[in-house]
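Structure file run.cif (mmCIF, C-alpha atoms) is printed below.
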data_structure
loop_
_atom_site.label_atom_id
_atom_site.label_comp_id
_atom_site.auth_asym_id
_atom_site.auth_seq_id
_atom_site.Cartn_x
_atom_site.Cartn_y
_atom_site.Cartn_z
CA MET A 290 126.93 75.93 82.24
CA ASN A 291 127.12 73.34 85.00
CA ARG A 292 130.13 75.03 86.55
CA HIS A 293 128.36 78.40 86.46
CA SER A 294 125.25 77.12 88.26
CA ARG A 295 127.44 75.46 90.89
CA SER A 296 129.22 78.75 91.65
CA ALA A 297 125.90 80.56 91.84
CA GLY A 298 124.62 77.95 94.32
CA LEU A 299 127.71 78.31 96.48
CA LEU A 300 127.39 82.09 96.45
CA LEU A 301 123.72 81.89 97.40
CA GLU A 302 124.54 79.47 100.21
CA ILE A 303 127.28 81.73 101.53
CA ILE A 304 124.95 84.77 101.46
CA ILE A 305 122.19 82.92 103.30
CA ALA A 306 124.71 81.52 105.82
CA ILE A 307 126.19 84.98 106.50
CA LEU A 308 122.72 86.47 106.97
CA PHE A 309 121.62 83.75 109.33
CA PHE A 310 124.94 83.87 111.17
CA SER A 311 124.62 87.66 111.60
CA VAL A 312 121.18 87.30 113.13
CA ILE A 313 122.37 84.60 115.54
CA CYS A 314 125.48 86.65 116.38
CA ALA A 315 123.36 89.69 117.18
CA ILE A 316 121.14 87.64 119.51
CA THR A 317 124.00 85.80 121.24
CA LEU A 318 126.05 88.99 121.66
CA ARG A 319 123.15 90.52 123.54
CA VAL A 320 122.96 87.41 125.70
CA PHE A 321 126.73 87.58 126.38
CA ALA A 322 126.46 91.28 127.26
CA LYS A 323 123.56 90.54 129.63
CA SER A 324 125.58 87.74 131.26
CA ARG A 325 128.54 90.06 131.73
CA GLU A 326 126.29 92.70 133.29
CA MET A 327 124.78 90.13 135.65
CA SER A 328 128.25 88.88 136.64
CA ARG A 329 129.36 92.43 137.34
CA ASP A 330 126.23 93.11 139.43
CA SER A 331 126.80 89.90 141.33
CA LEU A 332 130.43 90.76 142.06
CA GLU A 333 129.50 94.30 143.07
CA LEU A 334 126.80 93.06 145.43
CA ALA A 335 129.20 90.53 146.96
CA VAL A 336 132.07 92.96 147.58
CA THR A 337 129.89 95.82 148.84
CA SER A 338 128.00 93.45 151.11
CA ALA A 339 131.30 92.09 152.46
CA ALA A 340 132.55 95.63 153.16
CA ALA A 341 129.30 96.59 154.93
CA GLN A 342 129.36 93.34 156.88
CA SER A 343 132.93 93.92 157.91
CA VAL A 344 132.00 97.28 159.46
CA ALA A 345 128.83 95.78 160.97
CA GLU A 346 130.68 92.89 162.58
CA LYS A 347 133.38 95.19 163.94
CA PHE A 348 130.64 97.37 165.42
CA ARG A 349 128.95 94.35 167.03
CA ALA A 350 131.99 92.48 168.25
CA ASP A 351 134.40 95.12 169.42
CA HIS A 352 133.33 96.64 172.71
CA ASN A 353 135.76 99.49 172.19
CA TYR A 354 134.38 100.27 168.74
CA LEU A 355 131.93 102.79 170.08
CA GLU A 356 134.73 104.52 171.95
CA TYR A 357 136.78 104.65 168.76
CA VAL A 358 133.86 105.78 166.68
CA GLN A 359 132.16 108.17 169.01
CA PRO A 360 134.72 110.99 168.93
CA TYR A 361 134.39 111.00 165.13
CA ALA A 362 130.94 109.56 164.54
CA SER A 363 128.80 111.22 167.14
CA ILE A 364 125.23 110.13 167.59
CA ASN A 365 122.89 110.91 164.67
CA GLU A 366 125.73 112.36 162.64
CA LYS A 367 126.32 110.97 159.16
CA HIS A 368 129.78 109.73 158.27
CA TYR A 369 131.09 108.74 154.86
CA TYR A 370 133.84 106.42 153.74
CA TYR A 371 135.06 106.09 150.15
CA TYR A 372 136.12 102.92 148.36
CA ASP A 373 137.60 102.25 144.95
CA GLN A 374 136.53 99.58 142.42
CA ASN A 375 138.21 96.84 144.50
CA MET A 376 136.60 98.07 147.73
CA GLU A 377 139.90 99.41 149.00
CA PRO A 378 139.70 102.69 150.95
CA ALA A 379 140.17 105.61 148.56
CA ILE A 380 139.90 109.37 148.38
CA GLN A 381 136.67 110.88 147.07
CA GLN A 382 138.09 111.79 143.64
CA GLU A 383 139.20 108.20 142.95
CA SER A 384 136.27 106.40 144.56
CA ALA A 385 133.70 104.15 142.97
CA TYR A 386 131.58 103.50 146.08
CA ILE A 387 130.55 105.51 149.09
CA MET A 388 129.56 104.08 152.47
CA GLN A 389 127.29 105.98 154.81
CA PHE A 390 127.47 105.22 158.54
CA ILE A 391 124.87 106.65 160.90
CA LEU A 392 124.89 105.80 164.59
CA THR A 393 121.70 106.25 166.59
CA ALA A 394 121.21 105.68 170.30
CA GLU A 395 118.06 104.80 172.20
CA GLU A 396 118.13 105.04 175.96
CA SER A 397 116.28 102.40 177.91
CA GLY A 398 115.96 102.11 181.68
CA GLY A 399 119.04 99.90 181.97
CA GLY A 400 121.39 101.01 179.23
CA THR A 401 121.63 102.19 175.65
CA LEU A 402 120.64 100.48 172.42
CA TYR A 403 123.01 101.62 169.67
CA THR A 404 121.98 101.11 166.05
CA ALA A 405 124.32 101.52 163.11
CA HIS A 406 122.75 102.19 159.71
CA ILE A 407 125.28 101.16 157.08
CA THR A 408 124.54 101.86 153.41
CA VAL A 409 126.88 101.32 150.48
CA SER A 410 126.03 103.19 147.28
CA ARG A 411 127.50 103.20 143.82
CA GLY A 412 129.02 106.38 142.51
CA ASN A 413 131.62 109.01 143.06
CA VAL A 414 129.55 111.60 144.88
CA MET A 415 130.05 114.21 147.53
CA PRO A 416 128.42 113.43 150.92
CA GLU A 417 125.77 116.10 150.28
CA ALA A 418 124.66 114.22 147.18
CA PHE A 419 124.56 110.78 148.82
CA MET A 420 120.81 110.56 148.28
CA LEU A 421 121.39 110.70 144.52
CA ALA A 422 123.80 107.74 144.51
CA GLU A 423 122.37 104.35 143.72
CA PRO A 424 122.28 102.15 146.86
CA VAL A 425 123.73 98.66 146.45
CA CYS A 426 123.27 97.17 149.91
CA SER A 427 122.18 98.34 153.32
CA TYR A 428 122.36 96.84 156.81
CA GLU A 429 120.93 97.96 160.12
CA VAL A 430 122.84 96.55 163.06
CA SER A 431 121.93 96.96 166.73
CA LYS A 432 123.92 96.46 169.87
CA TYR A 433 122.74 96.87 173.44
CA ILE A 434 125.15 98.01 176.11
CA GLY A 435 123.74 97.79 179.60
CA GLU A 436 124.89 99.92 182.46
CA ALA A 437 126.09 98.14 185.59
CA ALA A 438 123.71 98.30 188.52
CA GLY A 439 124.62 101.09 190.86
CA MET B 22 132.04 57.87 79.79
CA LYS B 23 132.75 61.15 81.38
CA ASN B 24 135.60 61.39 83.82
CA ARG B 25 134.91 64.03 86.48
CA ILE B 26 137.86 65.14 88.53
CA GLU B 27 136.78 66.69 91.85
CA LYS B 28 138.85 69.75 92.63
CA PRO B 29 139.79 70.29 96.25
CA GLY B 30 138.07 73.35 97.79
CA ILE B 31 134.80 74.52 99.25
CA SER B 32 131.86 72.60 97.98
CA VAL B 33 128.15 73.33 98.24
CA GLY B 34 126.77 72.21 101.59
CA PHE B 35 129.96 72.60 103.60
CA ILE B 36 129.16 76.27 104.37
CA SER B 37 125.76 75.30 105.78
CA LEU B 38 127.24 72.55 107.92
CA PHE B 39 129.97 74.85 109.23
CA MET B 40 127.39 77.56 110.01
CA ILE B 41 125.15 75.12 111.85
CA PHE B 42 128.14 74.03 113.94
CA MET B 43 129.09 77.65 114.73
CA VAL B 44 125.53 78.60 115.60
CA LEU B 45 125.18 75.62 117.89
CA CYS B 46 128.46 76.55 119.61
CA LEU B 47 127.43 80.19 120.03
CA VAL B 48 123.97 79.37 121.35
CA THR B 49 125.34 76.76 123.76
CA PHE B 50 127.98 79.10 125.16
CA ALA B 51 125.49 81.97 125.42
CA ILE B 52 123.02 79.81 127.34
CA LEU B 53 125.76 78.49 129.63
CA ALA B 54 127.11 82.00 130.31
CA LEU B 55 123.64 83.40 131.02
CA SER B 56 122.58 80.54 133.30
CA SER B 57 125.88 80.70 135.20
CA ALA B 58 125.68 84.49 135.66
CA SER B 59 122.02 84.28 136.63
CA ALA B 60 122.70 81.55 139.22
CA ASP B 61 125.60 83.58 140.59
CA LEU B 62 123.48 86.71 140.96
CA ARG B 63 120.62 84.75 142.55
CA LEU B 64 123.00 83.18 145.06
CA THR B 65 124.59 86.53 145.96
CA SER B 66 121.17 88.20 146.32
CA LEU B 67 120.03 85.33 148.53
CA SER B 68 123.14 85.65 150.66
CA VAL B 69 122.64 89.43 151.06
CA SER B 70 118.96 88.91 151.85
CA LYS B 71 119.87 86.31 154.51
CA ASN B 72 122.36 88.76 156.03
CA GLU B 73 119.70 91.50 156.11
CA ASN B 74 117.22 89.16 157.80
CA TYR B 75 119.85 88.07 160.29
CA TYR B 76 120.80 91.63 161.27
CA LYS B 77 117.11 92.58 161.47
CA SER B 78 116.29 89.66 163.77
CA ASP B 79 119.44 90.24 165.80
CA GLY B 80 118.42 93.89 166.21
CA GLU B 81 115.01 92.79 167.48
CA VAL B 82 116.66 90.42 169.98
CA GLN B 83 118.95 93.24 171.15
CA LYS B 84 115.89 95.48 171.55
CA LEU B 85 114.17 92.78 173.60
CA ILE B 86 117.26 92.44 175.80
CA SER B 87 117.24 96.20 176.36
CA GLU B 88 113.56 96.01 177.38
CA ILE B 89 114.27 93.10 179.74
CA ASP B 90 117.21 94.97 181.26
CA ALA B 91 115.05 98.05 181.77
CA LYS B 92 112.47 95.91 183.58
CA LEU B 93 115.20 94.31 185.70
CA ALA B 94 116.57 97.75 186.58
CA SER B 95 113.15 98.99 187.67
CA ALA B 96 112.46 95.76 189.62
CA ARG B 97 115.77 96.14 191.47
CA LYS B 98 114.77 99.58 192.73
CA THR B 99 111.66 98.33 194.49
CA ALA B 100 112.61 94.78 195.56
CA ALA B 101 113.62 94.22 199.18
CA ASP B 102 115.09 90.72 198.78
CA ASP B 103 115.87 88.15 196.08
CA GLY B 104 112.51 86.36 196.42
CA ALA B 105 110.51 89.54 195.92
CA TYR B 106 112.83 90.55 193.10
CA TYR B 107 112.39 87.30 191.16
CA SER B 108 108.62 87.26 191.57
CA SER B 109 108.49 90.88 190.43
CA VAL B 110 110.66 89.98 187.41
CA ALA B 111 108.36 87.07 186.55
CA ASP B 112 105.35 89.40 186.58
CA GLU B 113 107.12 92.11 184.62
CA LEU B 114 108.32 89.78 181.87
CA LYS B 115 104.92 88.20 181.21
CA GLY B 116 103.65 90.53 178.53
CA VAL B 117 106.90 91.71 176.98
CA SER B 118 106.96 89.54 173.86
CA GLN B 119 105.78 86.25 172.42
CA ASP B 120 109.38 85.36 171.62
CA LEU B 121 110.31 85.41 175.27
CA THR B 122 109.90 82.68 177.89
CA TYR B 123 110.87 82.94 181.54
CA ASP B 124 111.76 79.86 183.56
CA ALA B 125 111.22 80.72 187.22
CA GLU B 126 113.02 77.59 188.42
CA SER B 127 116.34 78.19 186.68
CA ARG B 128 115.76 81.99 186.56
CA THR B 129 116.59 82.12 182.92
CA VAL B 130 115.01 84.06 180.11
CA THR B 131 115.01 82.43 176.68
CA ILE B 132 114.45 84.54 173.59
CA VAL B 133 113.77 82.71 170.35
CA ARG B 134 113.48 84.95 167.30
CA GLN B 135 112.86 83.48 163.86
CA ILE B 136 115.23 84.70 161.14
CA ASP B 137 113.67 82.78 158.24
CA LEU B 138 111.81 79.54 157.69
CA ASN B 139 114.72 77.38 158.81
CA THR B 140 116.74 79.40 161.34
CA THR B 141 116.29 81.17 164.65
CA ILE B 142 118.39 83.28 166.96
CA THR B 143 118.27 81.87 170.46
CA ALA B 144 119.51 83.88 173.42
CA VAL B 145 119.49 82.57 176.99
CA LEU B 146 119.94 85.07 179.81
CA GLN B 147 120.47 84.26 183.45
CA ILE B 148 118.87 86.72 185.88
CA ASN B 149 121.42 87.47 188.57
CA PRO B 150 120.54 88.00 192.26
CA LEU B 151 120.43 91.48 193.78
CA ALA B 152 123.92 91.16 195.28
CA ASP B 153 125.44 90.79 191.82
CA GLU B 154 126.50 93.99 190.11
CA LEU B 155 125.40 92.65 186.70
CA ARG B 156 121.63 92.37 186.34
CA TYR B 157 121.90 89.46 183.91
CA SER B 158 124.50 87.19 182.34
CA THR B 159 124.30 85.88 178.79
CA LEU B 160 124.50 82.10 178.93
CA SER B 161 124.23 81.58 175.19
CA TYR B 162 123.57 83.58 172.05
CA LYS B 163 123.45 81.53 168.91
CA MET B 164 121.81 80.77 165.61
CA ALA B 165 119.98 77.46 165.60
CA PRO B 166 118.16 75.50 162.91
CA ILE B 167 114.43 74.88 163.29
CA LEU B 168 114.01 71.15 163.70
CA LYS B 169 111.03 70.02 161.68
CA GLU B 170 108.94 67.21 163.04
CA VAL B 171 109.04 64.09 160.94
CA GLU B 172 105.44 63.26 159.98
CA GLU B 173 105.98 59.58 159.27
CA PRO B 174 108.49 57.34 161.01
CA PRO B 175 111.22 56.07 158.68
CA LYS B 176 110.34 52.77 157.02
CA PRO B 177 112.92 50.01 157.14
CA VAL B 178 114.30 49.24 153.72
CA TRP B 179 116.00 46.01 154.62
CA LYS B 180 115.71 43.76 157.59
CA GLY B 181 118.75 41.61 158.16
#

Write the structure described by the file as structure tokens, please.
Amino acid sequence: MNRHSRSAGLLLEIIIAILFFSVICAITLRVFAKSREMSRDSLELAVTSAAAQSVAEKFRADHNYLEYVQPYASINEKHYYYYDQNMEPAIQQESAYIMQFILTAEESGGGTLYTAHITVSRGNVMPEAFMLAEPVCSYEVSKYIGEAAG
Amino acid sequence: MKNRIEKPGISVGFISLFMIFMVLCLVTFAILALSSASADLRLTSLSVSKNENYYKSDGEVQKLISEIDAKLASARKTAADDGAYYSSVADELKGVSQDLTYDAESRTVTIVRQIDLNTTITAVLQINPLADELRYSTLSYKMAPILKEVEEPPKPVWKG
């Protein structure tokens, strides 16, 4: 009799423990999933920001950049660059991110103020559907180039 | 007298203790993972936001420089000599922006644009004379911290 009640107690304890453990597991798994999602978002933001910054800094620092860019990226024309998951340049079919580069120019009395609008969005989309892609980070960088006095 | 021989194996109570240990481990790791990921994301967002503010302020400084250069170009067209040119520049630059100060003595323009609560972009331009082909030269272009005034003087802790 004593042995029987002891087994029943153990069984009841195991059942209660499994139930409680399942509930805690369900809650903690959700927390782990949320943490993983946040880590992924953080990494994505960091790498896309670094890629956009790299283009922005090249645009600001390199005086020949406009000469390089202008034949391809004429003023007010949108240009797109594709990147894979590791932010390495990729073809559209294998891309995970798309970067939009728009160059605008504003003439002033002494020179031209160039502004580059750089936006990195998530998704493998065609340039026409860029508006549908989810933007991750965006920078607007200006650079003034004065004309020498004549 | 009854001799009870305890058999080795799982006894009542051990399961509960083991479960409590496992639950504590799971909850601790979950909290650590979440706080670490959250701090990481906050830091990255802050960094991106700082970059955005920096490029925005830098763009405004560049725009100001373009306005100054336009004023210099128009002043050059009408000025007969350096004296007239500099006085014309001083008049022209008066109402351009609050971020701009012109020092007539050293003929320098200083632009101070606030990026955030603690940092500014400071650009110092030298206005060149009429004979120079370049209308201005950039003496410095840098980010600088805003030095906060100390309200109370530091109190000595120990006097030797």

Where does the PyMOL selection byres ((chain A) within 9 of (chain B)) land in this file, that is, which residues does it pick, as a PDB file with C-alpha atoms, in the coordinates of the input?
ATOM      1  CA  ARG A 295     127.440  75.460  90.890  1.00  0.00           C
ATOM      2  CA  SER A 296     129.220  78.750  91.650  1.00  0.00           C
ATOM      3  CA  GLY A 298     124.620  77.950  94.320  1.00  0.00           C
ATOM      4  CA  LEU A 299     127.710  78.310  96.480  1.00  0.00           C
ATOM      5  CA  LEU A 300     127.390  82.090  96.450  1.00  0.00           C
ATOM      6  CA  GLU A 302     124.540  79.470 100.210  1.00  0.00           C
ATOM      7  CA  ILE A 303     127.280  81.730 101.530  1.00  0.00           C
ATOM      8  CA  ILE A 305     122.190  82.920 103.300  1.00  0.00           C
ATOM      9  CA  ALA A 306     124.710  81.520 105.820  1.00  0.00           C
ATOM     10  CA  ILE A 307     126.190  84.980 106.500  1.00  0.00           C
ATOM     11  CA  PHE A 309     121.620  83.750 109.330  1.00  0.00           C
ATOM     12  CA  PHE A 310     124.940  83.870 111.170  1.00  0.00           C
ATOM     13  CA  ILE A 313     122.370  84.600 115.540  1.00  0.00           C
ATOM     14  CA  CYS A 314     125.480  86.650 116.380  1.00  0.00           C
ATOM     15  CA  ILE A 316     121.140  87.640 119.510  1.00  0.00           C
ATOM     16  CA  THR A 317     124.000  85.800 121.240  1.00  0.00           C
ATOM     17  CA  LEU A 318     126.050  88.990 121.660  1.00  0.00           C
ATOM     18  CA  VAL A 320     122.960  87.410 125.700  1.00  0.00           C
ATOM     19  CA  PHE A 321     126.730  87.580 126.380  1.00  0.00           C
ATOM     20  CA  LYS A 323     123.560  90.540 129.630  1.00  0.00           C
ATOM     21  CA  SER A 324     125.580  87.740 131.260  1.00  0.00           C
ATOM     22  CA  ARG A 325     128.540  90.060 131.730  1.00  0.00           C
ATOM     23  CA  GLU A 326     126.290  92.700 133.290  1.00  0.00           C
ATOM     24  CA  MET A 327     124.780  90.130 135.650  1.00  0.00           C
ATOM     25  CA  SER A 328     128.250  88.880 136.640  1.00  0.00           C
ATOM     26  CA  ARG A 329     129.360  92.430 137.340  1.00  0.00           C
ATOM     27  CA  ASP A 330     126.230  93.110 139.430  1.00  0.00           C
ATOM     28  CA  SER A 331     126.800  89.900 141.330  1.00  0.00           C
ATOM     29  CA  LEU A 332     130.430  90.760 142.060  1.00  0.00           C
ATOM     30  CA  LEU A 334     126.800  93.060 145.430  1.00  0.00           C
ATOM     31  CA  ALA A 335     129.200  90.530 146.960  1.00  0.00           C
ATOM     32  CA  SER A 338     128.000  93.450 151.110  1.00  0.00           C
ATOM     33  CA  GLN A 342     129.360  93.340 156.880  1.00  0.00           C
ATOM     34  CA  GLU A 396     118.130 105.040 175.960  1.00  0.00           C
ATOM     35  CA  SER A 397     116.280 102.400 177.910  1.00  0.00           C
ATOM     36  CA  GLY A 398     115.960 102.110 181.680  1.00  0.00           C
ATOM     37  CA  GLY A 399     119.040  99.900 181.970  1.00  0.00           C
ATOM     38  CA  GLY A 400     121.390 101.010 179.230  1.00  0.00           C
ATOM     39  CA  THR A 401     121.630 102.190 175.650  1.00  0.00           C
ATOM     40  CA  LEU A 402     120.640 100.480 172.420  1.00  0.00           C
ATOM     41  CA  THR A 404     121.980 101.110 166.050  1.00  0.00           C
ATOM     42  CA  CYS A 426     123.270  97.170 149.910  1.00  0.00           C
ATOM     43  CA  SER A 427     122.180  98.340 153.320  1.00  0.00           C
ATOM     44  CA  TYR A 428     122.360  96.840 156.810  1.00  0.00           C
ATOM     45  CA  GLU A 429     120.930  97.960 160.120  1.00  0.00           C
ATOM     46  CA  VAL A 430     122.840  96.550 163.060  1.00  0.00           C
ATOM     47  CA  SER A 431     121.930  96.960 166.730  1.00  0.00           C
ATOM     48  CA  LYS A 432     123.920  96.460 169.870  1.00  0.00           C
ATOM     49  CA  TYR A 433     122.740  96.870 173.440  1.00  0.00           C
ATOM     50  CA  ILE A 434     125.150  98.010 176.110  1.00  0.00           C
ATOM     51  CA  GLY A 435     123.740  97.790 179.600  1.00  0.00           C
ATOM     52  CA  GLU A 436     124.890  99.920 182.460  1.00  0.00           C
ATOM     53  CA  ALA A 437     126.090  98.140 185.590  1.00  0.00           C
ATOM     54  CA  ALA A 438     123.710  98.300 188.520  1.00  0.00           C
ATOM     55  CA  GLY A 439     124.620 101.090 190.860  1.00  0.00           C
TER      56      GLY A 439
END

inquiry  = I'd like the interatomic distance between atom CA of A:Phe348 and atom CA of A:Ala405, to a tenth of an Å.
reply    = 7.9 Å

task = Quick one: pull the distance between atom CA of B:Glu113 and atom CA of B:Ala144, Å, one decimal.
result = 18.6 Å

ask   = What is the atom CA of A:Glu423 to atom CA of A:Lys347 distance in Å?
value = 24.8 Å

request  = Would you write out, as a list in words, every residue that the PyMOL selection byres ((chain B and resi 119-132) around 9) captures in this file?
outcome  =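 In the shown coordinates, the PyMOL selection byres ((chain B and resi 119-132) around 9) covers Val82, Leu85, Ile86, Tyr107, Ser108, Ala111, Leu114, Lys115, Gly116, Val117, Ser118, Val133, Arg134, Gln135, Ile142, Thr143, Ala144, Val145, Leu146, Gln147, Ile148, Asn149 and Leu160 of chain B.
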
query = Nearest to A:Met376 among A:Ala315, A:Ala345, A:Ala350, A:Met388, with distances taken over all atoms listed in the file: which residue is it?
reply =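 Between A:Ala315, A:Ala345, A:Ala350, A:Met388, the residue approaching A:Met376 most closely is A:Met388.
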
query = What's the 10 Å shell around A:Met415, counting all atoms listed in the file, without same-chain residues fewer than 4 positions away, as a PyMOL selection string?
reply = chain A and resi 369+371+381-382+387+419-422

request  = Can you work out which one of B:Pro166, B:Ala105, B:Thr99, B:Val110 has the shortest atom-to-atom distance to B:Asn139, counting all atoms listed in the file?
outcome  = B:Pro166

inquiry  = I need the output of the PyMOL selection byres ((chain A and resi 389) around 9) for this file as a VMD selection string; which residues are they?
reply    = chain A and resid 367 to 370 387 to 388 390 to 391 406 to 410 416 419
